Amino acid sequence: MTESNPRSTPAGLQRALEALATAVIHIAVVALLGLVVVQGWQVFARYVINDSPSWTEPVTLLLLSTAMSMGAAAGVHTNRHFGFFLLADHLHPLARRAVDAVVPLVVAAIGAVIAWWGWALWIDGLHIKAAGANLPQSVNYLPLSVGGALMVVFALNRLLLALQPAALEGDR
């Protein structure tokens with residue numbers, strides 16, 4: 001028995017966003033694994049060979065910013081970010097649809113601010129070199145800007161899904 005639920009079979013845009021979200025999650029995972037490697041090398045170099053490398057701190061901050069920003073964007077896509085789910089479940093269906101439409105707008109607005117100011121800070125510090133690494137001092141703001149832009153894209157998709165008529169009232 002097959003069920004024809006338009007939300008369960010993604011269209012072309014939904015498939016593309018799923019692929020993008022999967023790539024974003026993989027980037028966050030690689031950044032977290034990179035954090036383990038870089039910090040492991042830092043500890044080994046400092047305490048075993050007594051030669052602490054100077055590049056580990058800026059690289060760690062970049063990897064941390066990347067993991068955090070990509071993870072936040074993926075959380076928006078999967079609808080696992082902060083929300084008032086218990087409150088929305090107890091609202092009238094029309095009020096619930098309104099909340100389901102307003103929340104992605106708020107998330108998109110926050111993502112847009114993060115993307116805008118992250119980009120402004122990235123551009124502002126390009127000419128300054130980071131201490132200890134051959135990177136711009138503002139490199140940590142680039143993943144923040146990209147993550148904010150991804151939050152906007154994923155939140156607008158959530159808004160489109162919220163505005164679609166539900167196949168069944170219990171389907172969320």
# chains A, B, ... in the order shown; residues from 1 in each chain; ligands from 1

$ residues_around --residues "segment 33-42 of chain A" --least-positions-apart "4" --cutoff "8 Å" --atoms "only C-alpha atoms" --output "JSON, numbers by chain"
{"A": [29, 46, 52, 53, 56, 59, 60, 63, 64]}

$ write_last_selection --atoms "all heavy atoms" --output "PDB file, in the first residue's frame"
ATOM      1  N   VAL A  29      30.979  17.893  10.063  1.00  0.00           N
ATOM      2  CA  VAL A  29      31.643  16.707  10.613  1.00  0.00           C
ATOM      3  C   VAL A  29      33.142  16.763  10.358  1.00  0.00           C
ATOM      4  O   VAL A  29      33.950  16.483  11.245  1.00  0.00           O
ATOM      5  CB  VAL A  29      31.024  15.415  10.041  1.00  0.00           C
ATOM      6  CG1 VAL A  29      31.876  14.201  10.336  1.00  0.00           C
ATOM      7  CG2 VAL A  29      29.615  15.222  10.578  1.00  0.00           C
ATOM      8  N   ARG A  46      53.084  20.243  22.365  1.00  0.00           N
ATOM      9  CA  ARG A  46      53.430  21.012  23.564  1.00  0.00           C
ATOM     10  C   ARG A  46      54.047  20.140  24.654  1.00  0.00           C
ATOM     11  O   ARG A  46      55.052  20.506  25.254  1.00  0.00           O
ATOM     12  CB  ARG A  46      52.196  21.717  24.122  1.00  0.00           C
ATOM     13  CG  ARG A  46      52.499  22.457  25.425  1.00  0.00           C
ATOM     14  CD  ARG A  46      51.335  23.225  25.952  1.00  0.00           C
ATOM     15  NE  ARG A  46      51.133  24.387  25.102  1.00  0.00           N
ATOM     16  CZ  ARG A  46      50.043  25.132  25.096  1.00  0.00           C
ATOM     17  NH1 ARG A  46      49.034  24.833  25.869  1.00  0.00           N
ATOM     18  NH2 ARG A  46      49.940  26.174  24.317  1.00  0.00           N
ATOM     19  N   SER A  52      55.544  23.935  20.829  1.00  0.00           N
ATOM     20  CA  SER A  52      54.143  24.281  20.600  1.00  0.00           C
ATOM     21  C   SER A  52      53.978  25.066  19.296  1.00  0.00           C
ATOM     22  O   SER A  52      54.555  26.147  19.143  1.00  0.00           O
ATOM     23  CB  SER A  52      53.622  25.108  21.771  1.00  0.00           C
ATOM     24  OG  SER A  52      52.260  25.348  21.619  1.00  0.00           O
ATOM     25  N   PRO A  53      53.191  24.560  18.338  1.00  0.00           N
ATOM     26  CA  PRO A  53      52.999  25.285  17.080  1.00  0.00           C
ATOM     27  C   PRO A  53      52.068  26.486  17.268  1.00  0.00           C
ATOM     28  O   PRO A  53      51.111  26.430  18.041  1.00  0.00           O
ATOM     29  CB  PRO A  53      52.370  24.241  16.159  1.00  0.00           C
ATOM     30  CG  PRO A  53      51.749  23.247  17.049  1.00  0.00           C
ATOM     31  CD  PRO A  53      52.521  23.263  18.328  1.00  0.00           C
ATOM     32  N   THR A  56      48.010  26.464  15.493  1.00  0.00           N
ATOM     33  CA  THR A  56      46.865  25.655  15.932  1.00  0.00           C
ATOM     34  C   THR A  56      45.698  26.494  16.462  1.00  0.00           C
ATOM     35  O   THR A  56      44.546  26.123  16.252  1.00  0.00           O
ATOM     36  CB  THR A  56      47.292  24.645  17.003  1.00  0.00           C
ATOM     37  OG1 THR A  56      47.921  25.334  18.085  1.00  0.00           O
ATOM     38  CG2 THR A  56      48.224  23.604  16.426  1.00  0.00           C
ATOM     39  N   VAL A  59      43.643  28.068  13.469  1.00  0.00           N
ATOM     40  CA  VAL A  59      42.996  26.986  12.718  1.00  0.00           C
ATOM     41  C   VAL A  59      41.868  26.385  13.546  1.00  0.00           C
ATOM     42  O   VAL A  59      40.792  26.074  13.021  1.00  0.00           O
ATOM     43  CB  VAL A  59      44.034  25.927  12.278  1.00  0.00           C
ATOM     44  CG1 VAL A  59      43.366  24.705  11.700  1.00  0.00           C
ATOM     45  CG2 VAL A  59      44.995  26.527  11.260  1.00  0.00           C
ATOM     46  N   THR A  60      42.076  26.239  14.844  1.00  0.00           N
ATOM     47  CA  THR A  60      41.029  25.728  15.721  1.00  0.00           C
ATOM     48  C   THR A  60      39.819  26.653  15.717  1.00  0.00           C
ATOM     49  O   THR A  60      38.675  26.190  15.643  1.00  0.00           O
ATOM     50  CB  THR A  60      41.564  25.560  17.156  1.00  0.00           C
ATOM     51  OG1 THR A  60      42.593  24.576  17.138  1.00  0.00           O
ATOM     52  CG2 THR A  60      40.476  25.154  18.115  1.00  0.00           C
ATOM     53  N   LEU A  63      37.949  26.160  12.438  1.00  0.00           N
ATOM     54  CA  LEU A  63      37.212  24.895  12.411  1.00  0.00           C
ATOM     55  C   LEU A  63      35.997  24.943  13.342  1.00  0.00           C
ATOM     56  O   LEU A  63      34.928  24.413  13.008  1.00  0.00           O
ATOM     57  CB  LEU A  63      38.136  23.742  12.788  1.00  0.00           C
ATOM     58  CG  LEU A  63      39.228  23.422  11.770  1.00  0.00           C
ATOM     59  CD1 LEU A  63      40.230  22.429  12.350  1.00  0.00           C
ATOM     60  CD2 LEU A  63      38.630  22.896  10.483  1.00  0.00           C
ATOM     61  N   LEU A  64      36.157  25.572  14.482  1.00  0.00           N
ATOM     62  CA  LEU A  64      35.041  25.705  15.417  1.00  0.00           C
ATOM     63  C   LEU A  64      33.929  26.568  14.821  1.00  0.00           C
ATOM     64  O   LEU A  64      32.747  26.226  14.905  1.00  0.00           O
ATOM     65  CB  LEU A  64      35.533  26.300  16.736  1.00  0.00           C
ATOM     66  CG  LEU A  64      34.519  26.378  17.869  1.00  0.00           C
ATOM     67  CD1 LEU A  64      34.050  24.984  18.257  1.00  0.00           C
ATOM     68  CD2 LEU A  64      35.134  27.076  19.063  1.00  0.00           C
TER      69      LEU A  64
END

$ residues_around --residues "Gln137 of chain A" --least-positions-apart "6" --cutoff "12 Å" --atoms "only C-alpha atoms" --output "list in words"
Glu57, Pro58, Val59, Leu61, Leu62, Leu121, Trp122, Ile123, Asp124, Gly125, Leu126, His127, Ile128, Lys129, Ala130 and Ala131 of chain A

$ write_last_selection --atoms "N, CA, C and O atoms" --output "compact mmCIF listing (two decimals), in the first residue's frame"
# COMPACT_ATOMS: atom_id res chain seq x y z
N GLU A 57 45.97 27.60 17.12
CA GLU A 57 44.87 28.41 17.66
C GLU A 57 44.01 29.03 16.56
O GLU A 57 42.78 28.87 16.59
N PRO A 58 44.58 29.72 15.56
CA PRO A 58 43.71 30.27 14.52
C PRO A 58 42.99 29.20 13.71
O PRO A 58 41.84 29.38 13.32
N VAL A 59 43.64 28.07 13.47
CA VAL A 59 43.00 26.99 12.72
C VAL A 59 41.87 26.38 13.55
O VAL A 59 40.79 26.07 13.02
N LEU A 61 40.04 27.95 15.78
CA LEU A 61 38.93 28.90 15.76
C LEU A 61 38.17 28.83 14.44
O LEU A 61 36.93 28.92 14.42
N LEU A 62 38.89 28.68 13.33
CA LEU A 62 38.24 28.54 12.03
C LEU A 62 37.40 27.27 11.97
O LEU A 62 36.24 27.29 11.52
N LEU A 121 32.30 41.74 8.28
CA LEU A 121 33.49 41.52 9.11
C LEU A 121 34.57 40.75 8.36
O LEU A 121 35.76 41.01 8.54
N TRP A 122 34.18 39.80 7.52
CA TRP A 122 35.13 39.04 6.70
C TRP A 122 35.87 39.99 5.77
O TRP A 122 37.10 39.98 5.70
N ILE A 123 35.15 40.85 5.08
CA ILE A 123 35.76 41.79 4.14
C ILE A 123 36.63 42.81 4.88
O ILE A 123 37.71 43.18 4.42
N ASP A 124 36.15 43.26 6.03
CA ASP A 124 36.86 44.29 6.79
C ASP A 124 38.24 43.85 7.25
O ASP A 124 39.15 44.66 7.36
N GLY A 125 38.43 42.55 7.53
CA GLY A 125 39.70 42.10 8.07
C GLY A 125 40.56 41.32 7.11
O GLY A 125 41.52 40.67 7.52
N LEU A 126 40.24 41.36 5.82
CA LEU A 126 41.02 40.58 4.84
C LEU A 126 42.48 41.01 4.75
O LEU A 126 43.35 40.19 4.50
N HIS A 127 42.75 42.27 4.97
CA HIS A 127 44.11 42.78 4.81
C HIS A 127 44.99 42.57 6.06
O HIS A 127 46.18 42.82 6.02
N ILE A 128 44.40 42.07 7.13
CA ILE A 128 45.14 41.84 8.38
C ILE A 128 45.46 40.34 8.49
O ILE A 128 44.56 39.51 8.41
N LYS A 129 46.72 40.02 8.67
CA LYS A 129 47.12 38.62 8.81
C LYS A 129 46.92 38.15 10.25
O LYS A 129 47.19 38.88 11.20
N ALA A 130 46.47 36.91 10.39
CA ALA A 130 46.29 36.32 11.71
C ALA A 130 47.64 35.98 12.32
O ALA A 130 48.58 35.61 11.62
N ALA A 131 47.73 36.11 13.62
CA ALA A 131 48.97 35.75 14.31
C ALA A 131 49.11 34.24 14.31
O ALA A 131 48.21 33.52 14.71

$ residues_around --residues "segment 11-14 of chain A" --least-positions-apart "5" --cutoff "10 Å" --atoms "only C-alpha atoms" --output "tab-separated table (two decimals) with C-alpha atoms, in the first residue's frame"
chain	number	residue	atom	x	y	z
A	6	PRO	CA	3.38	15.45	-1.15
A	19	ALA	CA	21.65	17.33	-0.96
A	20	LEU	CA	22.84	20.77	0.18
A	157	ASN	CA	12.07	26.48	2.47
A	161	LEU	CA	6.44	23.96	3.43

$ closest_atom_pairs --of "segment 90-130 of chain A" --to "segment 146-155 of chain A" --cutoff "6 Å" --atoms "only C-alpha atoms" --output "JSON lines"
{"residue": "A:Pro104", "atom": "CA", "partner": "A:Ala155", "partner_atom": "CA", "distance": 4.9}
{"residue": "A:Ala108", "atom": "CA", "partner": "A:Val152", "partner_atom": "CA", "distance": 4.3}
{"residue": "A:Gly111", "atom": "CA", "partner": "A:Gly148", "partner_atom": "CA", "distance": 4.2}
{"residue": "A:Ala112", "atom": "CA", "partner": "A:Gly148", "partner_atom": "CA", "distance": 6.0}
{"residue": "A:Ile114", "atom": "CA", "partner": "A:Gly148", "partner_atom": "CA", "distance": 5.1}
{"residue": "A:Ala115", "atom": "CA", "partner": "A:Gly148", "partner_atom": "CA", "distance": 4.3}

$ write_last_selection --atoms "N, CA and C atoms" --output "PDB file, in the first residue's frame"
ATOM      1  N   PRO A 104       9.708  30.543  10.683  1.00  0.00           N
ATOM      2  CA  PRO A 104      10.748  30.575   9.645  1.00  0.00           C
ATOM      3  C   PRO A 104      11.113  32.000   9.213  1.00  0.00           C
ATOM      4  N   ALA A 108      14.812  33.289   9.311  1.00  0.00           N
ATOM      5  CA  ALA A 108      15.404  33.851   8.091  1.00  0.00           C
ATOM      6  C   ALA A 108      15.956  35.254   8.352  1.00  0.00           C
ATOM      7  N   GLY A 111      19.148  34.829  10.322  1.00  0.00           N
ATOM      8  CA  GLY A 111      20.173  34.321   9.408  1.00  0.00           C
ATOM      9  C   GLY A 111      20.687  35.398   8.470  1.00  0.00           C
ATOM     10  N   ALA A 112      19.786  36.255   7.997  1.00  0.00           N
ATOM     11  CA  ALA A 112      20.198  37.341   7.101  1.00  0.00           C
ATOM     12  C   ALA A 112      21.118  38.331   7.814  1.00  0.00           C
ATOM     13  N   ILE A 114      23.046  37.625  10.399  1.00  0.00           N
ATOM     14  CA  ILE A 114      24.316  36.926  10.602  1.00  0.00           C
ATOM     15  C   ILE A 114      25.119  36.901   9.308  1.00  0.00           C
ATOM     16  N   ALA A 115      24.449  36.603   8.194  1.00  0.00           N
ATOM     17  CA  ALA A 115      25.141  36.546   6.901  1.00  0.00           C
ATOM     18  C   ALA A 115      25.701  37.917   6.522  1.00  0.00           C
TER      19      ALA A 115
END

$ closest_residue --among "A:Leu17, A:Pro165, A:Arg158, A:Val24" --to "Gly71 of chain A" --atoms "only C-alpha atoms"
A:Val24

$ atom_distance --atom1 "atom CA of Val106 of chain A" --atom2 "atom CA of Ile27 of chain A"
25.3 Å
